[in-house]
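Student: Just so it is clear, I am handing over run_30.txt, which has compact mmCIF, C-alpha atoms and all ligand atoms.
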# COMPACT_ATOMS: atom_id res chain seq x y z
CA MET Q 1 64.17 -2.19 -40.03
CA PRO Q 2 60.53 -1.40 -40.59
CA ALA Q 3 58.02 -3.97 -41.73
CA LEU Q 4 58.24 -4.17 -45.49
CA HIS Q 5 55.29 -3.66 -47.70
CA SER Q 6 55.01 -6.62 -49.95
CA GLY Q 7 52.37 -8.42 -51.94
CA SER Q 8 50.83 -5.74 -54.09
CA CYS Q 9 54.18 -3.97 -54.11
CA SER Q 10 56.03 -6.04 -56.63
CA VAL Q 11 59.48 -4.53 -56.13
CA TYR Q 12 61.02 -3.48 -52.88
CA LEU Q 13 62.94 -0.27 -52.71
CA GLN Q 14 64.24 1.86 -49.96
CA ALA Q 15 61.48 3.74 -48.20
CA MET Q 16 60.39 6.74 -50.18
CA ARG Q 17 58.78 9.76 -48.68
CA TYR Q 18 56.10 11.49 -50.62
CA LEU Q 19 54.37 14.80 -50.26
CA VAL Q 20 50.75 14.00 -51.04
CA LYS Q 21 48.15 16.52 -52.12
CA ALA Q 22 44.60 15.27 -52.20
CA ARG Q 23 41.02 16.39 -52.01
CA VAL Q 24 38.20 14.64 -50.20
CA LYS Q 25 35.75 13.18 -52.71
CA VAL Q 26 32.36 14.81 -52.90
CA GLY Q 27 30.04 13.31 -50.30
CA ARG Q 28 32.77 11.16 -48.70
CA GLU Q 29 33.61 13.47 -45.78
CA ARG Q 30 31.41 11.71 -43.22
CA ALA Q 31 32.52 8.24 -44.36
CA LEU Q 32 36.15 9.32 -44.05
CA LEU Q 33 35.62 10.70 -40.57
CA GLU Q 34 33.88 7.48 -39.52
CA ALA Q 35 36.66 5.37 -41.04
CA ILE Q 36 39.25 7.36 -39.08
CA GLN Q 37 37.21 7.14 -35.89
CA ASP Q 38 36.46 3.43 -36.06
CA GLY Q 39 39.93 2.49 -37.29
CA THR Q 40 38.79 1.07 -40.62
CA LEU Q 41 40.73 3.56 -42.74
CA GLY Q 42 43.30 1.47 -44.59
CA ARG Q 43 42.10 -1.76 -43.05
CA GLY Q 44 43.46 -4.69 -44.99
CA SER Q 45 46.51 -2.76 -46.12
CA VAL Q 46 49.95 -3.83 -45.02
CA ALA Q 47 50.62 -0.18 -44.26
CA GLY Q 48 48.53 -0.71 -41.11
CA ASP Q 49 47.95 2.31 -38.94
CA GLU Q 50 50.04 4.59 -41.15
CA TYR Q 51 46.78 5.90 -42.60
CA ALA Q 52 45.51 7.15 -39.26
CA CYS Q 53 48.92 8.68 -38.48
CA ASP Q 54 48.95 10.46 -41.83
CA MET Q 55 45.49 11.88 -41.17
CA GLU Q 56 46.50 13.13 -37.74
CA ARG Q 57 49.34 15.09 -39.28
CA ALA Q 58 47.54 16.18 -42.46
CA ARG Q 59 46.92 19.88 -43.06
CA LEU Q 60 44.13 21.54 -44.95
CA GLY Q 61 45.53 24.30 -47.17
CA GLN Q 62 43.90 27.50 -48.33
CA ASP Q 63 43.53 25.77 -51.68
CA HIS Q 64 41.13 23.38 -49.88
CA ALA Q 65 43.44 20.50 -50.65
CA VAL Q 66 44.75 18.19 -47.95
CA HIS Q 67 48.53 17.79 -47.66
CA TRP Q 68 50.50 15.15 -45.84
CA VAL Q 69 53.87 13.39 -45.89
CA GLU Q 70 53.73 9.67 -46.41
CA ASN Q 71 56.28 6.87 -46.29
CA CYS Q 72 56.01 4.13 -48.85
CA PHE Q 73 58.13 1.09 -49.65
CA CYS Q 74 56.66 0.44 -53.07
CA ALA Q 75 58.45 0.85 -56.39
CA THR Q 76 55.53 2.86 -57.74
CA PRO Q 77 54.55 5.84 -55.55
CA LEU Q 78 51.77 4.81 -53.15
CA GLN Q 79 51.11 1.62 -55.11
CA GLU Q 80 49.91 -0.14 -51.97
CA GLU Q 81 48.15 2.82 -50.39
CA ARG Q 82 46.44 4.37 -53.41
CA PRO Q 83 43.31 2.15 -53.51
CA TYR Q 84 42.74 2.73 -49.79
CA TRP Q 85 43.13 6.49 -50.10
CA GLU Q 86 41.01 6.61 -53.24
CA GLN Q 87 38.00 5.33 -51.36
CA TYR Q 88 37.86 8.84 -49.90
CA PHE Q 89 40.30 11.10 -51.72
CA GLU Q 90 41.17 12.26 -55.18
CA LEU Q 91 44.96 12.22 -55.19
CA LEU Q 92 45.92 15.45 -56.92
CA SER Q 93 49.67 15.02 -56.76
CA VAL Q 94 52.19 12.67 -55.21
CA LYS Q 95 55.63 14.18 -55.18
CA ASP Q 96 58.91 12.67 -54.09
CA ALA Q 97 59.69 14.60 -50.94
CA HIS Q 98 63.00 13.01 -50.19
CA ASN Q 99 65.90 15.20 -49.33
CA ARG Q 100 68.67 12.85 -50.40
CA ARG Q 101 71.45 15.10 -49.21
CA ASN Q 102 70.25 15.08 -45.60
CA CYS Q 103 68.52 11.73 -45.34
CA ARG Q 104 70.53 9.21 -43.30
CA ASP Q 105 69.14 6.40 -45.40
CA TRP Q 106 70.12 7.81 -48.78
CA ASN Q 107 73.49 9.20 -47.74
CA GLY Q 108 74.34 5.77 -46.33
CA THR Q 109 74.74 6.74 -42.69
CA GLN Q 110 71.85 4.59 -41.48
CA PRO Q 111 69.85 2.21 -43.65
CA TRP Q 112 66.09 2.35 -43.38
CA ALA Q 113 66.28 5.59 -41.44
CA CYS Q 114 63.80 7.47 -43.54
CA CYS Q 115 60.79 6.37 -41.49
CA ASP Q 116 62.21 8.34 -38.66
CA CYS Q 117 64.94 10.58 -39.88
CA ASP Q 118 65.67 14.22 -39.35
CA CYS Q 119 64.66 15.31 -42.81
CA THR Q 120 61.19 13.79 -42.37
CA LYS Q 121 60.81 15.65 -39.12
CA ARG Q 122 61.92 18.93 -40.64
CA LEU Q 123 59.53 18.53 -43.53
CA GLU Q 124 56.67 17.72 -41.19
CA ASP Q 125 57.56 20.64 -38.94
CA ARG Q 126 57.37 22.91 -41.95
CA LEU Q 127 54.06 21.45 -43.02
CA ARG Q 128 52.69 21.92 -39.51
CA GLN Q 129 53.10 25.66 -39.84
CA ARG Q 130 50.84 25.80 -42.85
CA GLY Q 131 47.11 25.62 -43.31
CA GLU Q 132 45.00 24.13 -40.52
CA PRO Q 133 44.79 20.65 -39.05
CA PHE Q 134 42.75 18.58 -41.44
CA LEU Q 135 41.09 16.43 -38.77
CA GLU Q 136 39.60 19.47 -37.10
CA ALA Q 137 38.17 20.77 -40.31
CA LEU Q 138 36.75 17.35 -41.10
CA GLY Q 139 35.26 16.96 -37.62
CA ASN Q 140 33.65 20.38 -37.88
CA GLY Q 141 32.10 19.63 -41.25
CA ALA Q 142 34.28 22.47 -42.54
CA CYS Q 143 36.08 20.35 -45.08
CA PRO Q 144 36.61 20.89 -47.89
CA GLY Q 145 34.57 24.03 -47.38
CA PRO Q 146 34.31 26.47 -50.27
CA THR Q 147 35.52 23.81 -52.68
CA PHE Q 148 31.95 22.59 -52.72
CA SER Q 149 30.62 26.02 -53.60
CA SER Q 150 29.12 26.82 -56.95
CA ASN Q 151 32.45 27.70 -58.54
CA THR Q 152 33.58 24.06 -58.43
CA THR Q 153 31.12 21.49 -59.63
CA GLY Q 154 31.25 17.78 -59.03
CA ASN Q 155 31.97 17.32 -62.72
CA ASP Q 156 34.93 19.65 -62.55
CA ARG Q 157 36.30 17.70 -59.68
CA ALA Q 158 35.72 14.35 -61.26
CA THR Q 159 38.09 15.28 -64.05
CA GLU Q 160 40.86 16.47 -61.80
CA PRO Q 161 42.70 13.15 -61.40
CA ASN Q 162 43.36 13.23 -65.13
CA LYS Q 163 45.11 16.51 -64.65
CA MET Q 164 47.33 15.23 -61.89
CA LYS Q 165 50.24 17.56 -61.43
CA THR Q 166 53.76 16.25 -61.46
CA THR Q 167 55.04 18.95 -59.17
CA LEU Q 168 53.64 20.26 -55.96
CA HIS Q 169 53.32 23.98 -55.51
CA PRO Q 170 54.44 25.31 -52.18
CA LEU Q 171 51.67 25.37 -49.63
CA ARG Q 172 50.29 28.75 -48.88
CA GLU Q 173 51.07 30.18 -45.51
CA GLU Q 174 48.06 30.61 -43.27
CA GLN Q 175 47.69 31.89 -39.74
CA THR Q 176 46.69 29.22 -37.25
CA GLN Q 177 43.69 30.41 -35.28
CA SER Q 178 43.79 30.36 -31.50
CA TRP Q 179 40.86 27.97 -31.08
CA LEU Q 180 42.43 25.26 -33.19
CA PRO Q 181 44.55 23.64 -30.43
CA PHE Q 182 41.43 23.07 -28.33
CA LEU Q 183 39.64 21.44 -31.22
CA THR Q 184 42.66 19.26 -31.96
CA PHE Q 185 42.56 18.10 -28.36
CA THR Q 186 38.86 17.29 -28.63
CA VAL Q 187 39.18 15.39 -31.89
CA LEU Q 188 42.22 13.43 -30.70
CA ASN Q 189 40.46 12.52 -27.48
CA PHE Q 190 37.52 11.26 -29.48
CA LEU Q 191 39.85 9.22 -31.68
CA LEU Q 192 41.60 7.81 -28.62
CA ALA Q 193 38.27 6.81 -27.06
CA SER Q 194 37.23 5.09 -30.31
CA THR Q 195 40.53 3.22 -30.45
CA LEU Q 196 40.20 2.03 -26.88
CA LEU Q 197 36.65 0.87 -27.48
CA ALA Q 198 37.69 -0.97 -30.63
CA GLY Q 199 40.37 -2.76 -28.63
CA GLU Q 200 37.81 -3.99 -26.13
CA GLY Q 201 35.32 -5.28 -28.62
CA PRO Q 202 32.99 -4.20 -31.40
CA THR Q 203 32.10 -0.55 -31.75
CA ASP Q 204 28.38 -0.09 -31.48
CA LYS Q 205 27.78 3.00 -33.53
CA SER Q 206 24.07 3.19 -32.74
CA GLY Q 207 24.79 4.56 -29.29
CA ALA Q 208 25.00 1.45 -27.12
CA GLY Q 209 28.08 2.00 -25.00
CA ALA Q 210 30.50 -0.61 -23.76
CA GLY Q 211 28.36 -1.10 -20.65
CA GLN Q 212 25.41 -2.25 -22.70
CA LEU Q 213 27.19 -5.02 -24.56
CA VAL Q 214 26.26 -8.65 -24.00
CA PRO Q 215 28.24 -11.86 -24.58
CA LEU Q 216 27.74 -13.54 -27.94
CA GLU Q 217 26.03 -16.85 -27.33
CA LEU Q 218 26.80 -19.62 -29.78
CA LYS Q 219 25.35 -23.09 -30.10
CA LEU Q 220 28.50 -25.18 -30.37
CA PRO Q 221 28.89 -28.73 -31.66
CA PRO Q 222 30.85 -31.29 -29.60
CA PRO Q 223 34.65 -31.30 -29.88
CA ALA Q 224 35.90 -34.03 -32.21
CA PHE Q 225 39.51 -34.13 -30.95
CA LYS Q 226 41.67 -32.98 -28.09
CA GLY Q 227 45.14 -31.53 -28.54
CA THR Q 228 47.22 -31.68 -31.70
CA PRO Q 229 49.52 -34.42 -33.04
CA LYS Q 230 53.09 -33.91 -31.84
CA ASP Q 231 54.63 -34.78 -35.19
CA MET Q 232 52.59 -32.20 -37.13
CA GLN Q 233 54.84 -29.86 -39.12
CA LEU Q 234 53.54 -26.34 -38.65
CA SER Q 235 54.76 -22.99 -39.83
CA ALA Q 236 55.56 -20.28 -37.33
CA ILE Q 237 52.44 -18.32 -38.27
CA VAL Q 238 50.11 -20.92 -36.73
CA GLU Q 239 48.62 -19.99 -33.37
CA PRO Q 240 49.17 -22.69 -30.75
CA LEU Q 241 45.92 -24.52 -30.02
CA SER Q 242 44.50 -23.35 -26.72
CA ASP Q 243 43.04 -25.89 -24.32
CA LYS Q 244 40.80 -23.23 -22.78
CA PRO Q 245 37.39 -22.13 -24.03
CA ARG Q 246 37.30 -18.88 -25.96
CA PRO Q 247 36.76 -15.85 -23.69
CA PRO Q 248 33.32 -14.21 -23.98
CA PHE Q 249 32.97 -11.93 -26.98
CA MET Q 250 30.87 -8.84 -26.36
CA ILE Q 251 28.33 -7.58 -28.89
CA PRO Q 252 25.41 -5.15 -28.80
CA PRO Q 253 22.22 -6.80 -27.48
CA GLY Q 254 19.55 -8.16 -29.79
CA LEU Q 255 21.77 -9.23 -32.69
CA LYS Q 256 20.75 -12.25 -34.75
CA ASN Q 257 22.60 -14.64 -36.98
CA VAL Q 258 21.57 -13.07 -40.30
CA ALA Q 259 23.20 -15.76 -42.47
CA PRO Q 260 20.49 -18.48 -42.68
CA GLY Q 261 18.58 -18.39 -45.95
CA LYS Q 262 20.89 -15.83 -47.55
CA LYS Q 263 22.05 -16.34 -51.13
CA LEU Q 264 25.38 -18.16 -51.40
CA THR Q 265 27.61 -18.32 -54.47
CA CYS Q 266 31.02 -19.84 -54.96
CA SER Q 267 34.14 -19.74 -57.14
CA ASP Q 268 33.81 -23.51 -57.58
CA LYS Q 269 31.02 -23.85 -60.12
CA ASN Q 270 30.58 -27.54 -59.24
CA ALA Q 271 29.12 -26.48 -55.92
CA THR Q 272 25.39 -26.26 -56.53
CA GLU Q 273 22.99 -24.04 -54.63
CA SER Q 274 21.67 -26.99 -52.63
CA VAL Q 275 25.20 -28.00 -51.63
CA LEU Q 276 26.09 -24.45 -50.59
CA GLU Q 277 22.95 -24.24 -48.45
CA LYS Q 278 24.67 -26.54 -45.98
CA ILE Q 279 26.94 -23.64 -45.03
CA THR Q 280 24.06 -21.87 -43.30
CA ASP Q 281 21.79 -24.76 -42.25
CA GLY Q 282 22.83 -24.68 -38.58
CA ASP Q 283 24.55 -28.08 -38.73
CA LYS Q 284 28.13 -27.71 -37.45
CA GLU Q 285 28.81 -31.35 -36.67
CA PRO Q 286 32.27 -32.77 -37.44
CA SER Q 287 30.84 -35.54 -39.64
CA ASP Q 288 31.40 -36.06 -43.38
CA GLN Q 289 27.73 -35.39 -44.15
CA SER Q 290 27.96 -31.97 -42.51
CA ILE Q 291 30.98 -30.79 -44.52
CA ILE Q 292 30.94 -29.57 -48.12
CA TYR Q 293 34.01 -29.93 -50.33
CA LEU Q 294 35.27 -27.38 -52.85
CA ARG Q 295 38.01 -27.82 -55.45
CA LYS Q 296 41.65 -27.32 -54.64
CA GLY Q 297 43.45 -24.00 -54.95
CA THR Q 298 42.15 -20.66 -53.73
CA GLN Q 299 38.36 -20.82 -53.60
CA TRP Q 300 35.74 -18.50 -52.18
CA VAL Q 301 32.22 -18.61 -50.90
CA GLN Q 302 30.18 -15.42 -51.15
CA MET Q 303 27.17 -14.43 -49.09
CA ASP Q 304 24.62 -11.79 -50.14
CA LEU Q 305 22.79 -10.50 -47.08
CA GLY Q 306 20.14 -8.89 -49.30
CA SER Q 307 20.59 -5.44 -47.77
CA PRO Q 308 23.36 -3.59 -45.93
CA GLN Q 309 23.89 -4.88 -42.41
CA ALA Q 310 26.00 -3.64 -39.52
CA LEU Q 311 28.22 -6.64 -38.78
CA PHE Q 312 29.68 -7.39 -35.37
CA ALA Q 313 30.78 -11.02 -35.30
CA ILE Q 314 31.41 -13.67 -37.91
CA VAL Q 315 31.98 -17.28 -36.92
CA LEU Q 316 33.46 -19.68 -39.41
CA TRP Q 317 33.82 -23.46 -39.31
CA HIS Q 318 35.75 -24.99 -42.22
CA ALA Q 319 35.89 -28.52 -40.82
CA HIS Q 320 36.80 -29.59 -37.32
CA ASN Q 321 36.69 -33.38 -37.77
CA THR Q 322 40.49 -33.68 -37.39
CA PRO Q 323 43.23 -31.28 -36.24
CA LYS Q 324 44.02 -29.15 -39.29
CA VAL Q 325 44.98 -25.64 -40.23
CA TYR Q 326 43.47 -23.86 -43.22
CA HIS Q 327 45.64 -21.68 -45.45
CA ASP Q 328 44.90 -18.24 -46.89
CA VAL Q 329 41.81 -17.67 -44.79
CA ILE Q 330 40.57 -14.26 -45.90
CA VAL Q 331 37.26 -12.61 -45.04
CA GLN Q 332 36.32 -9.52 -47.01
CA ILE Q 333 33.19 -7.41 -47.19
CA ALA Q 334 32.01 -5.10 -49.97
CA ASP Q 335 29.10 -3.02 -51.20
CA ASP Q 336 28.79 -4.83 -54.54
CA PRO Q 337 28.71 -8.50 -55.61
CA ASP Q 338 31.84 -8.15 -57.75
CA PHE Q 339 33.88 -6.88 -54.84
CA MET Q 340 34.92 -3.68 -56.55
CA GLU Q 341 33.33 -1.12 -54.24
CA ASN Q 342 34.36 -0.32 -50.72
CA VAL Q 343 36.12 -3.66 -50.21
CA ARG Q 344 37.33 -4.13 -46.66
CA THR Q 345 39.32 -7.00 -45.19
CA LEU Q 346 38.18 -8.27 -41.81
CA PHE Q 347 40.63 -11.16 -41.57
CA ASN Q 348 43.60 -12.28 -43.66
CA ASN Q 349 46.21 -14.85 -42.70
CA ASP Q 350 47.68 -15.17 -46.19
CA GLN Q 351 51.00 -13.78 -45.06
CA ASP Q 352 52.82 -14.64 -48.31
CA ASN Q 353 49.95 -13.29 -50.45
CA SER Q 354 49.74 -16.55 -52.39
CA SER Q 355 46.02 -15.92 -52.94
CA GLY Q 356 46.68 -12.42 -54.25
CA ARG Q 357 44.29 -10.51 -52.00
CA GLY Q 358 47.04 -8.60 -50.22
CA VAL Q 359 49.48 -9.59 -47.53
CA GLY Q 360 47.68 -10.73 -44.40
CA THR Q 361 48.87 -10.05 -40.89
CA ASP Q 362 46.60 -12.49 -39.05
CA ARG Q 363 47.84 -15.89 -37.95
CA GLU Q 364 46.79 -19.32 -39.12
CA PHE Q 365 44.74 -21.29 -36.62
CA PHE Q 366 43.51 -24.78 -35.85
CA GLU Q 367 39.94 -25.56 -36.81
CA THR Q 368 37.98 -26.42 -33.67
CA TYR Q 369 34.40 -27.00 -32.56
CA GLU Q 370 34.31 -23.36 -31.44
CA GLY Q 371 34.77 -22.09 -35.00
CA ARG Q 372 36.86 -19.02 -35.78
CA LEU Q 373 35.35 -15.82 -34.44
CA ILE Q 374 36.12 -12.68 -36.42
CA ASP Q 375 35.44 -9.24 -34.97
CA ALA Q 376 33.62 -7.20 -37.64
CA LYS Q 377 33.56 -4.08 -35.43
CA GLY Q 378 30.20 -2.85 -36.68
CA ALA Q 379 31.32 -2.57 -40.32
CA LYS Q 380 28.46 -2.11 -42.78
CA ALA Q 381 28.21 -4.30 -45.84
CA ARG Q 382 25.83 -6.38 -47.89
CA TYR Q 383 28.31 -8.85 -49.38
CA LEU Q 384 30.82 -11.11 -47.64
CA ARG Q 385 33.48 -13.31 -49.19
CA PHE Q 386 35.33 -16.16 -47.50
CA TYR Q 387 38.55 -17.38 -49.11
CA SER Q 388 40.66 -20.43 -48.34
CA LYS Q 389 43.38 -22.42 -50.06
CA GLY Q 390 43.41 -25.95 -48.75
CA SER Q 391 44.66 -27.09 -45.39
CA THR Q 392 47.44 -29.05 -43.72
CA GLU Q 393 45.28 -32.11 -44.44
CA SER Q 394 44.28 -31.65 -48.08
CA ALA Q 395 44.43 -29.29 -51.05
CA LEU Q 396 40.63 -29.33 -51.10
CA ASN Q 397 38.58 -26.68 -49.33
CA GLU Q 398 35.90 -27.50 -46.79
CA TYR Q 399 33.05 -25.56 -45.25
CA THR Q 400 30.72 -26.63 -42.46
CA GLU Q 401 29.01 -23.46 -41.29
CA ILE Q 402 29.20 -19.67 -41.33
CA GLU Q 403 27.31 -17.45 -38.88
CA VAL Q 404 27.08 -13.68 -39.23
CA TYR Q 405 25.84 -11.60 -36.30
CA GLY Q 406 24.50 -8.21 -37.27
CA ARG Q 407 21.45 -6.06 -37.82
CA PRO Q 408 20.07 -3.87 -40.60
CA ALA Q 409 22.31 -0.86 -41.15
CA PRO Q 410 20.57 2.48 -40.77
CA CA P 1 26.25 -26.60 -41.97
CA CA P 2 49.44 -18.17 -48.36
Please express what this file holds, its structure, as structure tokens.
Ligand SMILES: [Ca+2]
Ligand SMILES: [Ca+2]
Tutor:
Amino acid sequence: MPALHSGSCSVYLQAMRYLVKARVKVGRERALLEAIQDGTLGRGSVAGDEYACDMERARLGQDHAVHWVENCFCATPLQEERPYWEQYFELLSVKDAHNRRNCRDWNGTQPWACCDCDCTKRLEDRLRQRGEPFLEALGNGACPGPTFSSNTTGNDRATEPNKMKTTLHPLREEQTQSWLPFLTFTVLNFLLASTLLAGEGPTDKSGAGAGQLVPLELKLPPPAFKGTPKDMQLSAIVEPLSDKPRPPFMIPPGLKNVAPGKKLTCSDKNATESVLEKITDGDKEPSDQSIIYLRKGTQWVQMDLGSPQALFAIVLWHAHNTPKVYHDVIVQIADDPDFMENVRTLFNNDQDNSSGRGVGTDREFFETYEGRLIDAKGAKARYLRFYSKGSTESALNEYTEIEVYGRPAP
């Protein structure tokens, strides 16, 4: 049985397969390509790497629209996926593509088969014969091509979502050109290389290759405890506490902690500016004077870096005075202070979505003197938000220090 979408999908249904028709938003082609290459497309969504898979299979039609088949477990078509797609696409139509007669899930032969059933394959085979591979067109700057010509203005396109069709017209047949397979190979190789690099550490988009990375050096406070109490009741999502130091984390050379002096705000209005300043004052000691306390429930601290920065590593200390595990630790970045634009999730261990920011897939962890290191993979943002919802020790929220390693984004 596949992993269920939950959280933002309020009702679970059998997997539905949709034929999606979309158009890349004006001026978003490069951002989309970068998001596919650096693996940030759909980041934060429970649908995981489905987005990249969908893009690999997507076809660009003669109508300059992009077509793909997508699985979704939500009650409302693409309820979970829509906000992620809409960062780059205008969704022109989303049509139920399920062949109930042939699908092993719907005809009862095999539950949950529709992620991988014959009718999906047949539909995708048919789609593969039409148009051209979307990734190639995108990589060549050939997408969406003539759509951007004078006969379609940006204003025209902006109104198209309101005219969303309820049925999908058959895709037009188009001859596949002989050079396309080579380009597919090139683009896929590039994607594979990006994926491998991302797995090894942050992606330095400015040109520094993996060989030029250096270990992140942190000034760490002394450990305040060793091991964890044997009688502590922990949920299965908590990582066991390691007794070994954290392995080196590689970053591009010359990065600085850009957090000190940056403007901090907070969901807890009792936390004054002078209190919040302690989060970036360099003091990471496990003493009461070094820790600030925020109200109970889900609370956040927000950092405004003043200008967009390429972020590579974030290190977070809630409080490491005693062995404890914080709940609903979520780190998001955005382009605006209200977290409406280009919101991306770098870390989320709220696996039951009790803080309402989406279902996290990361694990809970013990607070230690080393702090929690979060790989930001070179993502660009000006605003960061740090959520938490109390700990195994208390319903209150604590912060000791946050460090953000990055550099001005070009
Ligand atoms: Ca501090
Ligand atoms: Ca939770």
Student: Around ligand CA 1 (chain P), which protein and nucleic acid residues have at least one atom no more than 12 Å from it, if we count all atoms listed in the file? List them as a ChimeraX atom specification.
Tutor: /Q:220-221,259-261,274-293,316-320,371,398-403
Student: Find, counting only C-alpha atoms and all ligand atoms, the residue in Q:Val331, Q:Ile237, Q:Ala47, Q:Ala379 that gets nearest to ligand CA 2 (chain P).
Tutor: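 Nearest to ligand CA 2 (chain P): Q:Ile237.
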Student: CA of Gly358 (chain Q) and CA of Gly378 (chain Q), how far apart in Å?
Tutor: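 Those two atoms sit 22.4 Å apart.
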Student: So that I can check the surroundings of region 56-59 of chain Q, please list as a PyMOL selection string every protein, DNA and RNA residue that reaches within 10 Å of it, counting all atoms listed in the file and ignoring chain neighbours fewer than 4 positions away.
Tutor: chain Q and resi 20-21+36+50-52+64-70+124-125+127-137+171+184+187-188+191
Student: In terms of the shortest atom-to-atom distance over all atoms listed in the file, which of Q:Asn270, Q:Thr345, Q:Asn353, Q:Thr368 is closest to Tyr383 (chain Q)?
Tutor: Q:Thr345
Student: Using all atoms listed in the file, which residues of the polymer chains come no farther than 9 Å from ligand CA 2 (chain P)? I'd like the answer as a list in words.
Tutor: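 Taking all atoms listed in the file into account, the residues around ligand CA 2 (chain P) at most 9 Å away are His327, Asp328, Val329, Asn349, Asp350, Gln351, Asp352, Asn353, Ser354, Ser355, Gly356, Val359, Gly360 and Lys389 of chain Q.
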Student: CA of Pro229 (chain Q) to CA of Asp243 (chain Q): how many Å, to one decimal?
Tutor: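 CA of Asp243 (chain Q) lies 13.8 Å from CA of Pro229 (chain Q).
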Student: Counting all atoms listed in the file, figure out which residue out of Q:Ala381, Q:Met303, Q:Leu346, Q:Ala236 gets nearest to Ala334 (chain Q).
Tutor: Q:Ala381
Student: With region 76-96 of chain Q as the partner and 10 Å as the cut-off, tabulate the residues of region 275-392 of chain Q that qualify, each row holding the nearest pair of atoms and their distance in Å to one decimal, using all atoms listed in the file, sorted by chain and rising number, as JSON lines.
Tutor:
{"residue": "Q:Glu341", "atom": "CA", "partner": "Q:Gln87", "partner_atom": "CA", "distance": 8.5}
{"residue": "Q:Asn342", "atom": "CA", "partner": "Q:Gln87", "partner_atom": "CA", "distance": 6.8}
{"residue": "Q:Val343", "atom": "CA", "partner": "Q:Tyr84", "partner_atom": "CA", "distance": 9.2}
{"residue": "Q:Arg344", "atom": "CA", "partner": "Q:Tyr84", "partner_atom": "CA", "distance": 9.3}
{"residue": "Q:Gly358", "atom": "CA", "partner": "Q:Glu80", "partner_atom": "CA", "distance": 9.1}
Student: Using only C-alpha atoms, which of Q:Arg246, Q:Lys263, Q:Arg23, Q:Lys256 sits nearest Ala313 (chain Q)?
Tutor: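 Answer, going by the shortest atom-to-atom distance: Q:Lys256.
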Student: What's the separation between CA of Tyr405 (chain Q) and CA of Pro252 (chain Q), in Å to one decimal place?
Tutor: 9.9 Å
Student: Which residues, protein or nucleic acid, reach to within 7 Å of (35.0, -15.0, -48.1) in the file's coordinates when using all atoms listed in the file, and can you give that as a list in words?
Tutor: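 Residues close enough to count: Trp300, Val301, Gln302, Ile330, Val331, Gln332, Leu384, Arg385, Phe386 and Tyr387 of chain Q.
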Student: Save out the residues we just selected, C-alpha atoms, as a PDB file, in the frame of the given file.
Tutor:
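Ended up saving to part20.pdb:
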ATOM      1  CA  TRP Q 300      35.740 -18.500 -52.180  1.00  0.00           C
ATOM      2  CA  VAL Q 301      32.220 -18.610 -50.900  1.00  0.00           C
ATOM      3  CA  GLN Q 302      30.180 -15.420 -51.150  1.00  0.00           C
ATOM      4  CA  ILE Q 330      40.570 -14.260 -45.900  1.00  0.00           C
ATOM      5  CA  VAL Q 331      37.260 -12.610 -45.040  1.00  0.00           C
ATOM      6  CA  GLN Q 332      36.320  -9.520 -47.010  1.00  0.00           C
ATOM      7  CA  LEU Q 384      30.820 -11.110 -47.640  1.00  0.00           C
ATOM      8  CA  ARG Q 385      33.480 -13.310 -49.190  1.00  0.00           C
ATOM      9  CA  PHE Q 386      35.330 -16.160 -47.500  1.00  0.00           C
ATOM     10  CA  TYR Q 387      38.550 -17.380 -49.110  1.00  0.00           C
TER      11      TYR Q 387
END
Student: Would you please work out which residue, of Q:Asp268, Q:Asp375, Q:Glu367, Q:Glu29, is nearest to Ala310 (chain Q) when using all atoms listed in the file?
Tutor: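 Ranked by minimum distance to Ala310 (chain Q), first place goes to Q:Asp375.
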Student: Quick one: residues within 12 Å of Lys324 (chain Q), all atoms listed in the file counted, chain neighbours fewer than 2 positions away excluded, as a ChimeraX atom specification?
Tutor: /Q:224-225,227-229,232-234,238-241,317-322,326-327,364-369,390-395,397-398
